[in-house]
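Student: input_14.txt (compact mmCIF, C-alpha atoms) pasted underneath:
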```txt
# COMPACT_ATOMS: atom_id res chain seq x y z
CA MET A 1 0.00 0.00 0.00
CA GLN A 2 1.61 3.25 -1.13
CA THR A 3 -1.12 5.74 -0.28
CA PRO A 4 -1.87 6.92 3.25
CA THR A 5 -4.67 5.20 5.13
CA ARG A 6 -6.36 7.77 7.32
CA GLY A 7 -8.65 7.23 10.25
CA ILE A 8 -9.36 3.51 9.89
CA HIS A 9 -12.13 2.49 12.29
CA SER A 10 -13.54 -0.96 12.84
CA SER A 11 -15.30 -3.34 15.16
CA PRO A 12 -13.15 -5.39 17.54
CA ILE A 13 -10.66 -7.74 15.83
CA PHE A 14 -10.23 -11.33 16.98
CA LEU A 15 -7.29 -12.46 14.81
CA ALA A 16 -3.90 -10.82 14.37
CA LEU A 17 -3.71 -7.95 11.89
CA THR A 18 -0.48 -8.18 9.90
CA ILE A 19 0.65 -4.95 8.26
CA PHE A 20 3.05 -4.50 5.30
CA VAL A 21 2.56 -0.87 4.29
CA THR A 22 4.31 2.39 3.47
CA ASN A 23 3.14 5.88 4.45
CA ALA A 24 0.02 5.20 6.50
CA THR A 25 -1.85 6.41 9.56
CA ILE A 26 -3.95 3.79 11.30
CA SER A 27 -6.18 5.10 14.07
CA GLY A 28 -9.10 4.25 16.29
CA ILE A 29 -8.87 0.46 16.02
CA SER A 30 -9.70 -1.85 18.92
CA SER A 31 -8.45 -5.43 19.15
CA VAL A 32 -10.03 -7.69 21.76
CA ASP A 33 -8.93 -11.20 22.76
CA SER A 34 -6.84 -11.94 19.70
CA LYS A 35 -5.77 -15.59 19.47
CA LEU A 36 -2.08 -14.62 19.38
CA PHE A 37 -0.40 -11.28 18.47
CA HIS A 38 -2.88 -8.46 17.96
CA PHE A 39 -0.90 -6.35 15.45
CA GLN A 40 2.21 -7.38 13.52
CA ILE A 41 4.17 -4.84 11.49
CA PHE A 42 6.80 -6.18 9.07
CA GLU A 43 8.90 -4.59 6.32
CA SER A 44 7.02 -1.32 6.65
CA ARG A 45 7.99 2.33 6.88
CA ASP A 46 6.51 5.73 7.76
CA ILE A 47 3.53 4.44 9.75
CA THR A 48 1.67 5.99 12.68
CA LEU A 49 -0.61 3.89 14.88
CA ASP A 50 -2.69 6.30 16.94
CA SER A 51 -5.45 5.78 19.51
CA ILE A 52 -5.22 1.99 19.39
CA ARG A 53 -6.95 -0.03 22.12
CA ILE A 54 -5.82 -3.61 22.75
CA SER A 55 -7.25 -5.93 25.38
CA ALA A 56 -6.50 -9.52 26.40
CA PRO A 57 -6.42 -11.27 29.80
CA GLY A 58 -3.19 -10.99 31.74
CA ASP A 59 -2.77 -14.76 31.75
CA SER A 60 -3.24 -15.25 27.99
CA PRO A 61 0.07 -16.48 26.44
CA ASN A 62 1.70 -15.00 23.33
CA THR A 63 -0.83 -12.19 22.99
CA ASP A 64 1.67 -9.40 22.24
CA GLY A 65 -0.14 -6.15 21.57
CA ILE A 66 1.99 -4.69 18.76
CA HIS A 67 5.01 -6.48 17.32
CA ILE A 68 7.35 -4.51 15.02
CA ALA A 69 10.22 -6.00 12.99
CA ASP A 70 12.30 -5.05 9.92
CA SER A 71 10.63 -1.64 9.77
CA THR A 72 11.60 2.02 9.97
CA ASN A 73 9.98 5.30 11.03
CA ILE A 74 7.13 3.73 13.02
CA GLN A 75 5.18 5.67 15.67
CA VAL A 76 2.76 4.29 18.27
CA THR A 77 0.93 7.08 20.08
CA ASN A 78 -1.96 7.75 22.47
CA SER A 79 -2.85 4.10 22.94
CA VAL A 80 -3.99 1.71 25.69
CA ILE A 81 -2.64 -1.84 25.64
CA GLY A 82 -3.35 -4.68 28.06
CA THR A 83 -2.23 -8.23 27.19
CA GLY A 84 -0.79 -11.47 28.53
CA ASP A 85 2.58 -10.80 26.87
CA ASP A 86 4.53 -7.74 25.69
CA CYS A 87 2.40 -4.64 25.22
CA ILE A 88 4.83 -3.66 22.44
CA SER A 89 7.64 -5.93 21.24
CA ILE A 90 10.41 -4.76 18.93
CA GLY A 91 12.23 -7.33 16.86
CA PRO A 92 15.41 -7.14 14.79
CA GLY A 93 15.85 -4.85 11.82
CA CYS A 94 14.04 -1.82 13.27
CA THR A 95 15.21 1.80 13.00
CA ASN A 96 13.75 5.10 14.20
CA LEU A 97 10.80 4.02 16.32
CA THR A 98 8.77 6.31 18.59
CA ILE A 99 6.41 5.18 21.35
CA LEU A 100 4.59 8.11 22.95
CA ASN A 101 1.81 8.34 25.54
CA VAL A 102 1.04 4.63 25.75
CA ALA A 103 -0.59 3.02 28.81
CA CYS A 104 0.55 -0.58 29.29
CA GLY A 105 -1.00 -3.11 31.64
CA PRO A 106 -1.45 -5.92 32.27
CA GLY A 107 1.36 -7.46 30.26
CA HIS A 108 5.12 -7.86 30.04
CA GLY A 109 5.91 -4.21 29.28
CA ILE A 110 7.73 -2.75 26.27
CA SER A 111 10.44 -5.14 25.11
CA ILE A 112 13.26 -4.92 22.62
CA GLY A 113 13.82 -8.52 21.63
CA SER A 114 14.32 -11.16 22.13
CA LEU A 115 17.34 -10.67 19.87
CA SER A 116 20.10 -12.96 18.54
CA LYS A 117 18.12 -16.18 18.20
CA ASN A 118 18.70 -16.40 14.43
CA ALA A 119 21.85 -15.93 12.35
CA ASN A 120 20.44 -13.40 9.87
CA GLU A 121 19.09 -10.83 12.30
CA LYS A 122 19.75 -7.12 11.73
CA ASP A 123 20.56 -4.29 14.13
CA VAL A 124 18.02 -2.29 16.10
CA ASN A 125 18.90 1.42 16.01
CA GLY A 126 17.01 4.45 17.30
CA LEU A 127 14.13 4.06 19.75
CA ALA A 128 12.39 6.74 21.81
CA VAL A 129 9.85 5.78 24.50
CA ARG A 130 8.33 8.83 26.15
CA LYS A 131 5.46 9.69 28.51
CA CYS A 132 4.31 6.11 28.96
CA THR A 133 2.67 4.47 32.00
CA PHE A 134 3.02 0.86 33.16
CA THR A 135 0.53 -0.57 35.65
CA GLY A 136 0.81 -4.02 37.21
CA THR A 137 3.10 -5.35 34.50
CA THR A 138 5.76 -8.05 34.82
CA ASN A 139 8.36 -5.78 33.23
CA GLY A 140 8.51 -2.11 32.38
CA LEU A 141 11.34 -1.26 29.99
CA ARG A 142 13.17 -4.38 28.86
CA ILE A 143 15.97 -5.35 26.46
CA LYS A 144 16.39 -9.10 26.10
CA THR A 145 18.85 -11.20 24.13
CA TRP A 146 19.52 -14.93 23.99
CA PRO A 147 22.62 -16.13 25.87
CA SER A 148 24.33 -17.42 22.70
CA SER A 149 24.55 -15.56 19.40
CA PRO A 150 24.92 -17.19 15.98
CA ALA A 151 25.68 -13.72 14.55
CA ARG A 152 26.77 -10.29 15.73
CA LEU A 153 24.30 -7.42 15.91
CA GLN A 154 23.81 -4.16 17.80
CA ALA A 155 21.02 -2.56 19.81
CA THR A 156 21.90 1.13 20.03
CA GLY A 157 20.53 4.63 20.49
CA PHE A 158 17.59 4.11 22.88
CA LEU A 159 15.95 6.83 24.99
CA PHE A 160 13.42 6.03 27.72
CA GLU A 161 12.11 9.26 29.23
CA ASP A 162 9.29 10.58 31.44
CA ILE A 163 7.98 7.14 32.43
CA ILE A 164 5.68 6.22 35.34
CA MET A 165 5.70 2.72 36.86
CA ASN A 166 2.84 1.51 39.06
CA ASN A 167 3.59 -1.75 40.89
CA VAL A 168 5.87 -3.15 38.15
CA TYR A 169 7.94 -6.22 39.06
CA ASN A 170 11.00 -5.42 36.86
CA PRO A 171 10.76 -1.68 36.11
CA ILE A 172 14.11 -1.44 34.27
CA ILE A 173 15.77 -4.59 32.98
CA ILE A 174 18.44 -5.61 30.50
CA ASP A 175 18.66 -9.38 30.29
CA GLN A 176 21.33 -10.82 28.01
CA ASN A 177 20.74 -14.30 29.40
CA TYR A 178 17.11 -14.43 28.32
CA CYS A 179 15.58 -17.89 28.07
CA PRO A 180 11.82 -18.52 28.40
CA TYR A 181 12.28 -22.25 28.98
CA ALA A 182 12.81 -24.16 32.19
CA ASN A 183 16.13 -25.57 30.98
CA CYS A 184 18.44 -23.68 28.62
CA PRO A 185 21.67 -25.59 28.06
CA GLU A 186 24.63 -23.67 26.70
CA THR A 187 24.52 -23.54 22.91
CA VAL A 188 27.47 -24.83 20.88
CA TYR A 189 27.96 -24.83 17.12
CA LEU A 190 29.89 -27.46 15.18
CA ILE A 191 32.11 -25.98 12.47
CA ALA A 192 33.36 -28.48 9.84
CA THR A 193 36.71 -27.61 8.22
CA THR A 194 39.77 -29.79 7.60
CA ALA A 195 39.34 -30.67 11.24
CA LYS A 196 36.24 -30.48 13.35
CA HIS A 197 36.06 -27.84 16.05
CA ILE A 198 33.34 -27.24 18.57
CA ILE A 199 33.13 -23.53 19.21
CA ARG A 200 31.29 -22.11 22.18
CA VAL A 201 29.26 -19.13 20.95
CA LEU A 202 28.98 -16.30 23.47
CA ASN A 203 26.43 -13.51 23.47
CA LEU A 204 27.85 -11.00 20.99
CA VAL A 205 24.90 -8.60 20.88
CA LYS A 206 26.33 -5.15 21.55
CA ILE A 207 24.03 -2.92 23.60
CA LYS A 208 25.17 0.70 23.78
CA ASP A 209 23.97 4.29 24.10
CA ILE A 210 20.94 3.49 26.28
CA LYS A 211 19.46 6.38 28.28
CA PHE A 212 16.94 6.07 31.12
CA ARG A 213 15.73 9.52 32.21
CA ASN A 214 13.08 10.75 34.65
CA ILE A 215 11.51 7.40 35.51
CA THR A 216 9.54 7.17 38.75
CA GLY A 217 7.00 5.04 40.56
CA THR A 218 6.67 1.82 42.50
CA SER A 219 8.37 -1.54 42.09
CA ALA A 220 6.74 -4.82 43.09
CA SER A 221 10.19 -6.25 43.88
CA PRO A 222 13.19 -4.85 45.78
CA GLU A 223 15.42 -5.23 42.68
CA ALA A 224 14.04 -2.29 40.72
CA ILE A 225 16.97 -1.91 38.31
CA LYS A 226 18.53 -5.03 36.82
CA LEU A 227 21.14 -4.67 34.07
CA VAL A 228 22.74 -8.02 33.21
CA CYS A 229 24.92 -7.72 30.11
CA SER A 230 27.21 -9.99 28.15
CA LYS A 231 30.77 -10.65 29.27
CA ALA A 232 31.85 -10.99 25.63
CA ALA A 233 30.22 -7.67 24.59
CA PRO A 234 29.56 -5.51 27.67
CA CYS A 235 26.89 -2.79 27.63
CA GLU A 236 28.39 0.66 27.08
CA GLY A 237 27.05 4.19 27.36
CA VAL A 238 24.21 3.26 29.72
CA GLU A 239 22.83 6.34 31.50
CA LEU A 240 20.64 6.43 34.61
CA ASN A 241 19.32 9.96 35.17
CA ASP A 242 16.71 10.89 37.81
CA ILE A 243 15.37 7.39 38.50
CA ILE A 244 13.35 7.12 41.71
CA PHE A 245 11.51 3.97 42.80
CA THR A 246 9.87 2.94 46.04
CA CYS A 247 8.97 -0.67 46.81
CA ASN A 248 5.42 -1.93 47.20
CA GLY A 249 6.62 -4.88 49.28
CA ASP A 250 6.92 -5.19 53.04
CA ASP A 251 9.15 -3.01 55.19
CA GLU A 252 12.12 -5.35 54.84
CA GLN A 253 11.91 -5.31 51.04
CA ALA A 254 11.51 -1.55 50.98
CA LYS A 255 14.60 -1.15 53.15
CA ASN A 256 16.66 -3.48 50.96
CA MET A 257 15.88 -2.08 47.53
CA THR A 258 18.79 -2.54 45.18
CA SER A 259 20.08 -2.21 41.65
CA THR A 260 22.19 -4.84 39.89
CA CYS A 261 24.78 -4.29 37.16
CA VAL A 262 26.81 -7.00 35.44
CA HIS A 263 29.25 -6.03 32.67
CA VAL A 264 27.77 -2.51 32.39
CA TYR A 265 29.63 0.74 31.71
CA GLY A 266 28.05 4.17 31.78
CA SER A 267 27.07 6.96 34.16
CA SER A 268 24.53 8.07 36.72
CA ASN A 269 23.23 11.60 37.07
CA GLY A 270 20.77 13.37 39.33
CA ASN A 271 18.86 11.31 41.89
CA VAL A 272 18.87 7.53 41.47
CA LYS A 273 16.99 5.35 43.96
CA PRO A 274 17.76 2.60 44.66
CA ASP A 275 21.40 3.62 44.55
CA SER A 276 22.94 3.24 41.14
CA CYS A 277 25.18 0.27 40.44
CA ILE A 278 26.93 2.04 37.52
```
Represent the supplied structure as C-alpha cells.
Tutor:
Amino acid sequence: MQTPTRGIHSSPIFLALTIFVTNATISGISSVDSKLFHFQIFESRDITLDSIRISAPGDSPNTDGIHIADSTNIQVTNSVIGTGDDCISIGPGCTNLTILNVACGPGHGISIGSLSKNANEKDVNGLAVRKCTFTGTTNGLRIKTWPSSPARLQATGFLFEDIIMNNVYNPIIIDQNYCPYANCPETVYLIATTAKHIIRVLNLVKIKDIKFRNITGTSASPEAIKLVCSKAAPCEGVELNDIIFTCNGDDEQAKNMTSTCVHVYGSSNGNVKPDSCI
C-alpha cells in the first residue's frame, strides 16, 4: 500500500492484523482477545498507529499487543494496551521508532527482543519511548537477548524518558541471558573444516547508548533496576538519570531495595533510587 490510510475504524478484531505498508496512519482500532499477536508490522515504513486499544487477559500467552520488525519510522501514540505478553515488542531490523503516551498493563511491558536467536538478524537502532505508564506489568522497559549468538548485531541509540511505573515487578531490565524455557543448556555450534572444532558461541549482541531519564513510581520487587549484560560484549554508554523507585513490598523489602549491574559501563546523574550500580 503506497497511499496513506487515514482514520481507519472498525469493530473489535479477533485475529492478528499483519501490516506490510508504506506511508500510513492507522487510528481508532480496537483489538479484543486476539488468538495470538494483535498487530504485527513487518517490512514497513513511515507508519503511525494512533489511539489503538488492545485488550486480552493478563494470563493469555503470546498475545503481544503490537510487534514490530524489519521496519523504519514507526510511531505508536496515544494508545492503551493490556495483554498477557509484551504490550509492544520490537524485533530485529528496526530503525527510528517512537512510542509516545502509551498506557501498558497488564502485560510484560515494552520489550526490545528477544534478539540474537537467528543468524540473519539485523541491528536495532534508534528508539524513543516517552510519557508512557506501566501498571501491574511483569516488566517495564526491557531489552532481552539470547545467551548465545549465531551472529553479531547491535542494539543502540535508545531513549526512555518521562515514564511512570505503578507496581511493576521489573521496572528497568536488561537481560542478556534471556531464556523462556525451564532448561536452557549452553549452545554450541559445530564448524566443519579440515578438522572439526566445537566452538562455544557467546552472546555478541552489543548494547550501547541506552538512556533512562526521569523514571519514577513503585516496584513490586526490591530489585528495581537489573542490568545483566554480556561478558563478551559488555553494555556501554548506559545512563541512569533521575530514577526514583519505592517498593510496594513489606518493610524489609523496601529497606533493601537494590540495583544490579553485570558487565555494564556508563554513568549516573541526578537522583537515582535505589542507589545506582553504575
Student: Return as CSV the residues of stretch 209-274 of chain A lying at most 12 Å from stretch 153-167 of chain A, together with the closest atom-to-atom pair for each and the distance in Å to one decimal, counting all atoms listed in the file, with rows in chain order and ascending residue number.
Tutor:
```
residue,atom,partner,partner_atom,distance
A:Asp209,CA,A:Gly157,CA,5.0
A:Ile210,CA,A:Phe158,CA,4.8
A:Lys211,CA,A:Leu159,CA,4.8
A:Phe212,CA,A:Phe160,CA,4.9
A:Arg213,CA,A:Glu161,CA,4.7
A:Asn214,CA,A:Asp162,CA,5.0
A:Ile215,CA,A:Ile163,CA,4.7
A:Thr216,CA,A:Ile164,CA,5.2
A:Gly217,CA,A:Met165,CA,4.6
A:Thr218,CA,A:Asn167,CA,5.0
A:Ser219,CA,A:Asn167,CA,4.9
A:Ala220,CA,A:Asn167,CA,4.9
A:Ser221,CA,A:Asn167,CA,8.5
A:Pro222,CA,A:Asn167,CA,11.2
A:Ala224,CA,A:Asn167,CA,10.5
A:Ala233,CA,A:Gln154,CA,10.0
A:Pro234,CA,A:Gln154,CA,11.5
A:Cys235,CA,A:Ala155,CA,9.8
A:Glu236,CA,A:Thr156,CA,9.6
A:Gly237,CA,A:Thr156,CA,9.5
A:Val238,CA,A:Phe158,CA,9.6
A:Glu239,CA,A:Leu159,CA,9.5
A:Leu240,CA,A:Phe160,CA,10.0
A:Asn241,CA,A:Glu161,CA,9.4
A:Asp242,CA,A:Asp162,CA,9.8
A:Ile243,CA,A:Ile163,CA,9.6
A:Ile244,CA,A:Ile164,CA,10.0
A:Phe245,CA,A:Met165,CA,8.4
A:Thr246,CA,A:Asn167,CA,9.4
A:Cys247,CA,A:Asn167,CA,8.1
A:Asn248,CA,A:Asn167,CA,6.6
A:Gly249,CA,A:Asn167,CA,9.5
```
Student: Write out as AutoDock Vina command-line options an axis-aligned box for stretch 169-173 of chain A: all of its atoms listed in the file, 5 Å added on each side, centre and edge lengths in Å with one decimal.
Tutor:
```
--center_x 11.9 --center_y -3.8 --center_z 36.0 --size_x 17.8 --size_y 14.8 --size_z 16.1
```
Student: Rounded to one decimal, what separation in Å do you get between atom CA of A:Val129 and atom CA of A:Leu100?
Tutor: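 Atom CA of A:Val129 sits 6.0 Å away from atom CA of A:Leu100.
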Student: Here is a test: counting all atoms listed in the file, which residue of A:Val205, A:Cys179, A:Val272, A:Ile173 is nearest to A:Ser149?
Tutor: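 Of A:Val205, A:Cys179, A:Val272, A:Ile173, the one nearest A:Ser149, counting all atoms listed in the file, is A:Val205.
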Student: What's the 10 Å shell around A:Ile66, counting all atoms listed in the file, without same-chain residues fewer than 6 positions away, as a PyMOL selection string?
Tutor: chain A and resi 16-18+37-41+49+52+54+76+81+86-90+110
Student: Write to file, as a PDB file, in the coordinates of the input, the residues of the selection just made, with C-alpha atoms.
Tutor:
```pdb
ATOM      1  CA  ALA A  16      -3.900 -10.820  14.370  1.00  0.00           C
ATOM      2  CA  LEU A  17      -3.710  -7.950  11.890  1.00  0.00           C
ATOM      3  CA  THR A  18      -0.480  -8.180   9.900  1.00  0.00           C
ATOM      4  CA  PHE A  37      -0.400 -11.280  18.470  1.00  0.00           C
ATOM      5  CA  HIS A  38      -2.880  -8.460  17.960  1.00  0.00           C
ATOM      6  CA  PHE A  39      -0.900  -6.350  15.450  1.00  0.00           C
ATOM      7  CA  GLN A  40       2.210  -7.380  13.520  1.00  0.00           C
ATOM      8  CA  ILE A  41       4.170  -4.840  11.490  1.00  0.00           C
ATOM      9  CA  LEU A  49      -0.610   3.890  14.880  1.00  0.00           C
ATOM     10  CA  ILE A  52      -5.220   1.990  19.390  1.00  0.00           C
ATOM     11  CA  ILE A  54      -5.820  -3.610  22.750  1.00  0.00           C
ATOM     12  CA  VAL A  76       2.760   4.290  18.270  1.00  0.00           C
ATOM     13  CA  ILE A  81      -2.640  -1.840  25.640  1.00  0.00           C
ATOM     14  CA  ASP A  86       4.530  -7.740  25.690  1.00  0.00           C
ATOM     15  CA  CYS A  87       2.400  -4.640  25.220  1.00  0.00           C
ATOM     16  CA  ILE A  88       4.830  -3.660  22.440  1.00  0.00           C
ATOM     17  CA  SER A  89       7.640  -5.930  21.240  1.00  0.00           C
ATOM     18  CA  ILE A  90      10.410  -4.760  18.930  1.00  0.00           C
ATOM     19  CA  ILE A 110       7.730  -2.750  26.270  1.00  0.00           C
TER      20      ILE A 110
END
```
Student: Kindly give the distance, in Å, that separates atom CA of A:Leu127 and atom CA of A:Ile99, rounded to a single decimal.
Tutor: 8.0 Å
Student: Considering all atoms listed in the file, return as JSON, numbers by chain whatever protein or nucleic-acid residues lie within 12 Å of A:Pro92, sequence-local ones (same chain, fewer than 2 positions apart) excluded.
Tutor: {"A": [41, 42, 43, 67, 68, 69, 70, 71, 72, 89, 90, 94, 95, 111, 112, 113, 114, 115, 116, 117, 118, 119, 120, 121, 122, 123, 124, 125, 126, 143, 144, 145, 152, 153, 154, 155, 156, 205]}
Student: Measure the distance from atom CA of A:Gln176 to atom CA of A:Thr137 in Å and round it to one decimal.
Tutor: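 Going from atom CA of A:Gln176 over to atom CA of A:Thr137, I get 20.1 Å.
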Student: So which one's closest to A:Ala232, A:Gly58, A:Pro171, A:Pro147, A:Gly136? Using only C-alpha atoms, please.
Tutor: A:Pro147
Student: Can you pull out the residues contacting A:Asn78? Cut-off 7 Å, using only C-alpha atoms, and skip same-chain residues under 6 positions away; I want them as a ChimeraX atom specification.
Tutor: /A:50-51,100-102
Student: Mind checking which residues fall within 7 Å of A:Cys261, counting only C-alpha atoms, ignoring those fewer than 5 positions away in the same chain, and posting them as a list of chain:residue names?
Tutor: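 My reading of the contact set: A:Lys226, A:Leu227, A:Val228, A:Cys277, A:Ile278.
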Student: Rank A:Tyr265, A:Trp146, A:Tyr169, A:Tyr178 by their smallest atom-to-atom distance to A:His108, using all atoms listed in the file, and report the top residue only.
Tutor: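 Residue with the minimum atom-to-atom distance to A:His108: A:Tyr169.
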